[in-house]
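Okay, structure first, notes after.
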2 protein chains.
Amino acid sequence: MCQLMGMSCNKLAATTFSFTGFSARGGLTSDHVDGWGIAFYDGKGCRVFQDDQAASHSPLAEYVRQHPIKSKVVVAHVRKATQGDVQSANCHPFQREWLGRTWVFAHNGDLRDFEAPKSCQDMPVGGTDSERAFCALMSHLRSHFKDRVQPPEWSELAPVLARIAAELAGHGNFNMLLSDGQALYAHCSTNLHLLTRRHPFPHARLVDRDMSLDLGPLNAEGDVMSLLATEPLTLDEPWKALRTGEFVVLVGGQLVWQEIHPGTRAFPVVSPITATRAPSHA
Amino acid sequence: MCQLMGMSCNKLAATTFSFTGFSARGGLTSDHVDGWGIAFYDGKGCRVFQDDQAASHSPLAEYVRQHPIKSKVVVAHVRKATQGDVQSANCHPFQREWLGRTWVFAHNGDLRDFEAPKSCQDMPVGGTDSERAFCALMSHLRSHFKDRVQPPEWSELAPVLARIAAELAGHGNFNMLLSDGQALYAHCSTNLHLLTRRHPFPHARLVDRDMSLDLGPLNAEGDVMSLLATEPLTLDEPWKALRTGEFVVLVGGQLVWQEIHPGTRAFPVVSPITATRAPSHA
């Protein structure tokens, strides 16, 4: 299994504090040591940092912890391999371009025996069930909106994505984060928590590190930020567990759409593989 | 205009020394200050680092200079904006997935009034002529090889890519680097230099920094590495200027294919715009 972190905000914000706690789960407070990645949307651009080393010890993760990168949408992942060996091709978030936007995707769960349809235009680069699911999802979008030359609005995408997510969740646990830089979409099969902060932001204490921060002075009137994480990142804040089958959409830091698919079930959690590192990368 | 750097090697190799010289052109020895990027292939994966700051001063570029990342294929770019404002969506190399491989592309030149055909499946995220050309190129490949489920070999791709490059070079200067991690493809309109090093590698001295390095001890019998760069990166090595219309393919550090398109001409160099930074990235 893996862990997910996402952020949506109505102003540019750094996630250094949250990522410091989250990345500790990649080897320090938890054993998600098989790689990590984080995508920061920057206007229309999207910068993805990833590494197949443990996030707690990776020098690049340390760079990200030390250099605040301001963004309105962030998607991050620490990996515990269940399918696909340890190599950067298998690090989330994955990315594809569709209709002039970069889409990123990160997944926690295990889709047993899931294969993307042969007709998929998107094909996986690595060997994970997660990337196969992402390819199926993007190809589904391309085909559903095939005559468009502009990307649809989130309000049009949400019900389509919720249906695709429910279908994928029939193959195994499908906790996921997806974004095009405008909206942050999330689906919960088993484990995903949501927190919304409004000005004034509180004094927050990390679950995974002995570290606290008064977020108040960093924010201004009208600021709204939502965080999504597999497990709550901070103590003493009202994180809310999403329900099995719940699909949510966050725009500008706010929950704007949600739907619960009643047929979705939680699968028993699969034991991680004893991950093998890619032979030589050679 | 911009500057390009590419590397192909038959063994995993770090390009820290070359990048140290190359990135000095992003603000120190040259005024290519409008962003930079570098792609390292890592097995099937591809890690892209980019930033809209000047490479000579960017903390992320400093990270790349300080942390050797071993790879067999590298594509790098420092940007002097001619079209598209200064933002990360406009930083090269651009990337797209095709048939399960990540393709990256970097361009130096100026394609006046070039628009990708409306039928293109790939669409630009940013506002540069370069990304439009890349989208046209990838869409051309998708359509030329449309029934494939496996990526064609370089030997099959080379003549098709050479033809596409010659066509794009009819719109303006098209010095470019392109790779799928297997082969490094390059086209020269005006300015691109090639150097091949064979074991034992020499003692090399950078053009752009007062720095030299004895590369010999870092290499072993049988090692071959080729570098491509807009301007030679080192003194006292036999860099060879490619000719206008020349298309080359490097695999495992060696030149394996070349063709000169006689109809290609060099266009007068366009003055860079006074680059504007994206209003707020907000």
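Chain lettering (A, B, ...) mirrors the order of the structure tokens, residue numbering begins at 1 for each chain separately, and ligand numbering begins at 1 in order of display.
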Next on the checklist: Can you pull out every residue from range 33-265 of chain B that DSSP, working from the backbone, puts in alpha helix (DSSP H), and format the result as an NGL selection string?
Outcome noted: :B and (59-66 or 129-144 or 154-168)
Next on the checklist: Set the cut-off to 8 Å and count only C-alpha atoms: what are the residues of chain B that reach chain A? Output as an NGL selection string.
Outcome noted: :B and (11-12 or 42-50 or 63 or 72 or 87-90 or 96-102 or 122-126 or 281-282)
Could you turn the residues from that selection into a file that holds C-alpha atoms, as a PDB file, in the first residue's frame?
```pdb
ATOM      1  CA  LYS B  11      26.827   2.910 -19.602  1.00  0.00           C
ATOM      2  CA  LEU B  12      25.110   4.867 -16.859  1.00  0.00           C
ATOM      3  CA  ASP B  42      16.313   6.146 -15.540  1.00  0.00           C
ATOM      4  CA  GLY B  43      15.538   2.713 -16.969  1.00  0.00           C
ATOM      5  CA  LYS B  44      12.043   3.145 -18.420  1.00  0.00           C
ATOM      6  CA  GLY B  45      11.380   6.132 -16.206  1.00  0.00           C
ATOM      7  CA  CYS B  46      12.218   9.720 -16.991  1.00  0.00           C
ATOM      8  CA  ARG B  47      12.840  12.372 -14.348  1.00  0.00           C
ATOM      9  CA  VAL B  48      12.484  15.961 -15.486  1.00  0.00           C
ATOM     10  CA  PHE B  49      13.757  18.872 -13.396  1.00  0.00           C
ATOM     11  CA  GLN B  50      12.786  22.359 -14.453  1.00  0.00           C
ATOM     12  CA  TYR B  63      20.874  20.672  -6.541  1.00  0.00           C
ATOM     13  CA  LYS B  72      22.230   6.799 -20.337  1.00  0.00           C
ATOM     14  CA  GLN B  87       6.684  30.381 -16.591  1.00  0.00           C
ATOM     15  CA  SER B  88       7.263  26.717 -15.948  1.00  0.00           C
ATOM     16  CA  ALA B  89       4.705  25.647 -18.584  1.00  0.00           C
ATOM     17  CA  ASN B  90       7.123  27.120 -21.133  1.00  0.00           C
ATOM     18  CA  ARG B  96       4.549  13.179 -23.841  1.00  0.00           C
ATOM     19  CA  GLU B  97       3.921   9.450 -23.549  1.00  0.00           C
ATOM     20  CA  TRP B  98       3.601   7.383 -26.706  1.00  0.00           C
ATOM     21  CA  LEU B  99       3.310   3.580 -26.858  1.00  0.00           C
ATOM     22  CA  GLY B 100       4.484   3.201 -23.275  1.00  0.00           C
ATOM     23  CA  ARG B 101       7.557   5.391 -23.542  1.00  0.00           C
ATOM     24  CA  THR B 102       8.123   8.917 -22.300  1.00  0.00           C
ATOM     25  CA  ASP B 122      -1.266  16.254 -28.533  1.00  0.00           C
ATOM     26  CA  MET B 123      -2.016  19.805 -27.481  1.00  0.00           C
ATOM     27  CA  PRO B 124       0.347  22.399 -26.024  1.00  0.00           C
ATOM     28  CA  VAL B 125       0.077  23.227 -22.327  1.00  0.00           C
ATOM     29  CA  GLY B 126       2.145  26.419 -22.594  1.00  0.00           C
ATOM     30  CA  HIS B 281       0.984  32.243 -11.598  1.00  0.00           C
ATOM     31  CA  ALA B 282      -2.272  32.651  -9.748  1.00  0.00           C
TER      32      ALA B 282
END
```
Item to check | Distance in Å - CA of Asp110 in chain B versus CA of Leu178 in chain B | outcome: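 These two atoms are separated by 16.7 Å.
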Next on the checklist: If we count only C-alpha atoms and set the cut-off at 12 Å, which residues sit around Val248 in chain B, ignoring sequence neighbours fewer than 6 positions away in its own chain? Please answer as a ChimeraX atom specification.
Outcome noted: /B:154-155,157-159,161-162,165,175-179,183-188,192-194,226,228,241-242,254-261
Those residues you just picked out, can you put them in a file as a compact mmCIF listing (two decimals), in the first residue's frame with N, CA and C atoms?
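Saved as result-v5.txt:
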```txt
# COMPACT_ATOMS: atom_id res chain seq x y z
N TRP B 154 14.53 2.45 -33.40
CA TRP B 154 15.07 3.73 -33.88
C TRP B 154 15.32 3.70 -35.38
N SER B 155 15.70 2.52 -35.88
CA SER B 155 16.03 2.42 -37.32
C SER B 155 14.81 2.69 -38.19
N LEU B 157 12.23 4.57 -36.95
CA LEU B 157 11.80 5.94 -36.61
C LEU B 157 12.65 7.00 -37.31
N ALA B 158 13.94 6.73 -37.45
CA ALA B 158 14.89 7.76 -37.91
C ALA B 158 14.46 8.43 -39.23
N PRO B 159 14.19 7.66 -40.29
CA PRO B 159 13.83 8.37 -41.54
C PRO B 159 12.52 9.15 -41.43
N LEU B 161 11.32 10.57 -38.63
CA LEU B 161 11.63 11.77 -37.84
C LEU B 161 12.44 12.78 -38.64
N ALA B 162 13.37 12.30 -39.45
CA ALA B 162 14.18 13.21 -40.26
C ALA B 162 13.28 13.99 -41.22
N ALA B 165 11.30 16.55 -39.19
CA ALA B 165 12.19 17.65 -38.78
C ALA B 165 12.45 18.59 -39.95
N ASN B 175 16.68 23.71 -34.37
CA ASN B 175 17.70 22.91 -33.72
C ASN B 175 16.99 22.19 -32.59
N MET B 176 17.05 20.87 -32.56
CA MET B 176 16.27 20.18 -31.53
C MET B 176 16.90 18.89 -31.09
N LEU B 177 16.52 18.50 -29.87
CA LEU B 177 16.87 17.20 -29.30
C LEU B 177 15.57 16.49 -28.92
N LEU B 178 15.55 15.20 -29.18
CA LEU B 178 14.34 14.40 -28.93
C LEU B 178 14.80 13.03 -28.46
N SER B 179 14.11 12.47 -27.47
CA SER B 179 14.49 11.11 -27.06
C SER B 179 13.31 10.36 -26.47
N ALA B 183 17.05 6.07 -27.93
CA ALA B 183 17.91 6.80 -28.87
C ALA B 183 17.79 8.29 -28.59
N LEU B 184 18.84 9.01 -28.98
CA LEU B 184 18.80 10.47 -28.91
C LEU B 184 18.82 10.98 -30.35
N TYR B 185 17.77 11.67 -30.74
CA TYR B 185 17.62 12.20 -32.10
C TYR B 185 17.92 13.70 -32.06
N ALA B 186 18.60 14.20 -33.09
CA ALA B 186 18.91 15.63 -33.11
C ALA B 186 18.80 16.17 -34.53
N HIS B 187 18.33 17.39 -34.63
CA HIS B 187 18.29 18.08 -35.92
C HIS B 187 18.97 19.44 -35.79
N CYS B 188 19.74 19.79 -36.81
CA CYS B 188 20.44 21.07 -36.81
C CYS B 188 19.95 21.97 -37.95
N LEU B 192 24.55 23.33 -33.75
CA LEU B 192 24.55 22.16 -32.88
C LEU B 192 25.87 21.44 -33.09
N HIS B 193 26.54 21.10 -31.99
CA HIS B 193 27.87 20.48 -32.06
C HIS B 193 27.85 19.10 -31.41
N LEU B 194 28.62 18.21 -31.97
CA LEU B 194 28.66 16.82 -31.51
C LEU B 194 30.07 16.44 -31.11
N SER B 226 28.51 10.26 -26.16
CA SER B 226 28.43 11.39 -27.07
C SER B 226 27.67 12.53 -26.40
N LEU B 228 25.91 16.38 -27.27
CA LEU B 228 25.45 17.37 -28.25
C LEU B 228 25.26 18.68 -27.51
N ALA B 241 30.82 20.59 -35.73
CA ALA B 241 29.56 21.30 -36.00
C ALA B 241 28.70 20.47 -36.95
N LEU B 242 27.44 20.26 -36.59
CA LEU B 242 26.52 19.63 -37.55
C LEU B 242 26.19 20.65 -38.63
N GLN B 254 26.89 6.19 -29.48
CA GLN B 254 27.49 6.21 -30.81
C GLN B 254 26.54 6.79 -31.86
N LEU B 255 27.13 7.45 -32.82
CA LEU B 255 26.38 7.95 -33.97
C LEU B 255 26.02 6.74 -34.83
N VAL B 256 24.71 6.48 -34.99
CA VAL B 256 24.31 5.28 -35.73
C VAL B 256 23.59 5.62 -37.03
N TRP B 257 23.23 6.88 -37.22
CA TRP B 257 22.44 7.24 -38.41
C TRP B 257 22.59 8.73 -38.65
N GLN B 258 22.75 9.13 -39.88
CA GLN B 258 22.75 10.56 -40.17
C GLN B 258 22.28 10.80 -41.59
N GLU B 259 21.70 11.96 -41.80
CA GLU B 259 21.17 12.30 -43.11
C GLU B 259 21.16 13.82 -43.19
N ILE B 260 21.51 14.35 -44.35
CA ILE B 260 21.44 15.80 -44.52
C ILE B 260 20.37 16.12 -45.54
N HIS B 261 19.42 16.91 -45.12
CA HIS B 261 18.35 17.33 -46.02
C HIS B 261 18.82 18.57 -46.78
```
Checklist outcome for this item: Here CA of Asn173 in chain B and CA of Thr230 in chain B stand apart by 12.7 Å
Checklist entry - Hey, what's within 12 Å of Asp31 in chain B if we count only C-alpha atoms and toss same-chain stuff fewer than 2 positions away? As a list of chain:residue names, please? => result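 These residues fall inside the cut-off: B:Met1, B:Cys2, B:Gln3, B:Ser23, B:Ala24, B:Arg25, B:Gly26, B:Gly27, B:Leu28, B:Thr29, B:Val33, B:Asp34, B:Gly35, B:Trp36, B:Gln53, B:Ala54, B:Ala55, B:Ser56, B:Val78, B:Arg79, B:Lys80, B:Ala81, B:Pro272, B:Thr274, B:Ala275.
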Selection file, C-alpha atoms, as a compact mmCIF listing (two decimals), in the first residue's frame:
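The result, stored in result-v6.txt:
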```
# COMPACT_ATOMS: atom_id res chain seq x y z
CA MET B 1 17.10 31.76 -28.68
CA CYS B 2 18.02 29.03 -26.30
CA GLN B 3 20.76 26.50 -25.80
CA SER B 23 23.96 25.85 -16.81
CA ALA B 24 26.44 28.75 -16.52
CA ARG B 25 24.97 29.88 -19.85
CA GLY B 26 21.73 30.48 -17.98
CA GLY B 27 22.81 33.84 -16.56
CA LEU B 28 26.56 33.69 -15.96
CA THR B 29 28.36 33.39 -19.30
CA VAL B 33 17.87 33.43 -18.00
CA ASP B 34 14.23 32.59 -18.71
CA GLY B 35 14.17 29.08 -17.30
CA TRP B 36 15.89 25.76 -17.74
CA GLN B 53 14.50 30.89 -12.83
CA ALA B 54 17.96 31.43 -14.37
CA ALA B 55 19.92 28.16 -14.31
CA SER B 56 22.99 29.88 -12.90
CA VAL B 78 18.40 26.82 -20.99
CA ARG B 79 15.83 29.28 -22.22
CA LYS B 80 15.91 32.76 -23.69
CA ALA B 81 12.27 33.48 -24.40
CA PRO B 272 14.54 37.57 -28.18
CA THR B 274 11.71 41.26 -23.63
CA ALA B 275 10.39 38.38 -21.68
```
Item to check | Å distance separating CA of Gly172 in chain B from CA of Pro262 in chain B, one decimal place | outcome: 15.3 Å
Checklist entry - How would you write, as a list in words, the set of residues in range 224-281 of chain A that DSSP gives as strand (DSSP E)? => result Val224, Met225, Ser226, Leu227, Leu228, Ala229, Thr234, Leu235, Lys240, Ala241, Glu246, Phe247, Val248, Val249, Leu250, Val251, Gln254, Leu255, Val256, Trp257, Gln258, Glu259 and Ile260 of chain A
Output N, CA and C atoms for every residue in that selection, as a PDB file, in the first residue's frame.
```pdb
ATOM      1  N   VAL A 224      -8.653  29.909   2.003  1.00  0.00           N
ATOM      2  CA  VAL A 224      -9.235  28.591   2.264  1.00  0.00           C
ATOM      3  C   VAL A 224      -8.295  27.545   1.679  1.00  0.00           C
ATOM      4  N   MET A 225      -7.997  26.532   2.465  1.00  0.00           N
ATOM      5  CA  MET A 225      -7.138  25.450   1.995  1.00  0.00           C
ATOM      6  C   MET A 225      -7.728  24.121   2.433  1.00  0.00           C
ATOM      7  N   SER A 226      -7.758  23.157   1.507  1.00  0.00           N
ATOM      8  CA  SER A 226      -8.147  21.811   1.904  1.00  0.00           C
ATOM      9  C   SER A 226      -6.986  20.859   1.691  1.00  0.00           C
ATOM     10  N   LEU A 227      -6.850  19.932   2.614  1.00  0.00           N
ATOM     11  CA  LEU A 227      -5.834  18.881   2.508  1.00  0.00           C
ATOM     12  C   LEU A 227      -6.539  17.533   2.475  1.00  0.00           C
ATOM     13  N   LEU A 228      -6.009  16.646   1.674  1.00  0.00           N
ATOM     14  CA  LEU A 228      -6.463  15.254   1.672  1.00  0.00           C
ATOM     15  C   LEU A 228      -5.261  14.392   2.029  1.00  0.00           C
ATOM     16  N   ALA A 229      -5.464  13.392   2.861  1.00  0.00           N
ATOM     17  CA  ALA A 229      -4.347  12.510   3.200  1.00  0.00           C
ATOM     18  C   ALA A 229      -4.888  11.156   3.619  1.00  0.00           C
ATOM     19  N   THR A 234      -2.118  16.152  10.819  1.00  0.00           N
ATOM     20  CA  THR A 234      -1.942  16.976  12.019  1.00  0.00           C
ATOM     21  C   THR A 234      -2.853  16.488  13.143  1.00  0.00           C
ATOM     22  N   LEU A 235      -2.447  16.819  14.372  1.00  0.00           N
ATOM     23  CA  LEU A 235      -3.258  16.550  15.563  1.00  0.00           C
ATOM     24  C   LEU A 235      -4.182  17.740  15.788  1.00  0.00           C
ATOM     25  N   LYS A 240     -11.760  14.672   8.537  1.00  0.00           N
ATOM     26  CA  LYS A 240     -12.980  13.868   8.381  1.00  0.00           C
ATOM     27  C   LYS A 240     -12.669  12.709   7.441  1.00  0.00           C
ATOM     28  N   ALA A 241     -13.001  11.507   7.881  1.00  0.00           N
ATOM     29  CA  ALA A 241     -12.758  10.331   7.030  1.00  0.00           C
ATOM     30  C   ALA A 241     -13.788  10.296   5.906  1.00  0.00           C
ATOM     31  N   GLU A 246     -16.896   7.167  -1.762  1.00  0.00           N
ATOM     32  CA  GLU A 246     -17.090   8.623  -1.829  1.00  0.00           C
ATOM     33  C   GLU A 246     -16.132   9.256  -2.846  1.00  0.00           C
ATOM     34  N   PHE A 247     -16.691  10.117  -3.667  1.00  0.00           N
ATOM     35  CA  PHE A 247     -15.908  10.858  -4.667  1.00  0.00           C
ATOM     36  C   PHE A 247     -16.099  12.334  -4.369  1.00  0.00           C
ATOM     37  N   VAL A 248     -15.017  13.069  -4.237  1.00  0.00           N
ATOM     38  CA  VAL A 248     -15.123  14.495  -3.928  1.00  0.00           C
ATOM     39  C   VAL A 248     -14.328  15.332  -4.931  1.00  0.00           C
ATOM     40  N   VAL A 249     -14.756  16.575  -5.080  1.00  0.00           N
ATOM     41  CA  VAL A 249     -14.051  17.528  -5.938  1.00  0.00           C
ATOM     42  C   VAL A 249     -13.765  18.785  -5.119  1.00  0.00           C
ATOM     43  N   LEU A 250     -12.503  19.211  -5.140  1.00  0.00           N
ATOM     44  CA  LEU A 250     -12.093  20.435  -4.452  1.00  0.00           C
ATOM     45  C   LEU A 250     -11.651  21.465  -5.488  1.00  0.00           C
ATOM     46  N   VAL A 251     -12.175  22.669  -5.345  1.00  0.00           N
ATOM     47  CA  VAL A 251     -11.754  23.759  -6.238  1.00  0.00           C
ATOM     48  C   VAL A 251     -11.484  24.983  -5.368  1.00  0.00           C
ATOM     49  N   GLN A 254     -12.020  24.560  -1.640  1.00  0.00           N
ATOM     50  CA  GLN A 254     -13.330  24.204  -1.094  1.00  0.00           C
ATOM     51  C   GLN A 254     -13.905  22.945  -1.728  1.00  0.00           C
ATOM     52  N   LEU A 255     -14.631  22.211  -0.903  1.00  0.00           N
ATOM     53  CA  LEU A 255     -15.368  21.041  -1.385  1.00  0.00           C
ATOM     54  C   LEU A 255     -16.547  21.549  -2.217  1.00  0.00           C
ATOM     55  N   VAL A 256     -16.554  21.218  -3.506  1.00  0.00           N
ATOM     56  CA  VAL A 256     -17.616  21.748  -4.374  1.00  0.00           C
ATOM     57  C   VAL A 256     -18.552  20.662  -4.893  1.00  0.00           C
ATOM     58  N   TRP A 257     -18.163  19.407  -4.716  1.00  0.00           N
ATOM     59  CA  TRP A 257     -18.999  18.318  -5.264  1.00  0.00           C
ATOM     60  C   TRP A 257     -18.675  17.049  -4.522  1.00  0.00           C
ATOM     61  N   GLN A 258     -19.694  16.258  -4.199  1.00  0.00           N
ATOM     62  CA  GLN A 258     -19.416  14.949  -3.617  1.00  0.00           C
ATOM     63  C   GLN A 258     -20.548  13.987  -3.956  1.00  0.00           C
ATOM     64  N   GLU A 259     -20.176  12.719  -4.007  1.00  0.00           N
ATOM     65  CA  GLU A 259     -21.164  11.697  -4.342  1.00  0.00           C
ATOM     66  C   GLU A 259     -20.669  10.408  -3.718  1.00  0.00           C
ATOM     67  N   ILE A 260     -21.578   9.627  -3.198  1.00  0.00           N
ATOM     68  CA  ILE A 260     -21.176   8.324  -2.656  1.00  0.00           C
ATOM     69  C   ILE A 260     -21.798   7.232  -3.506  1.00  0.00           C
TER      70      ILE A 260
END
```
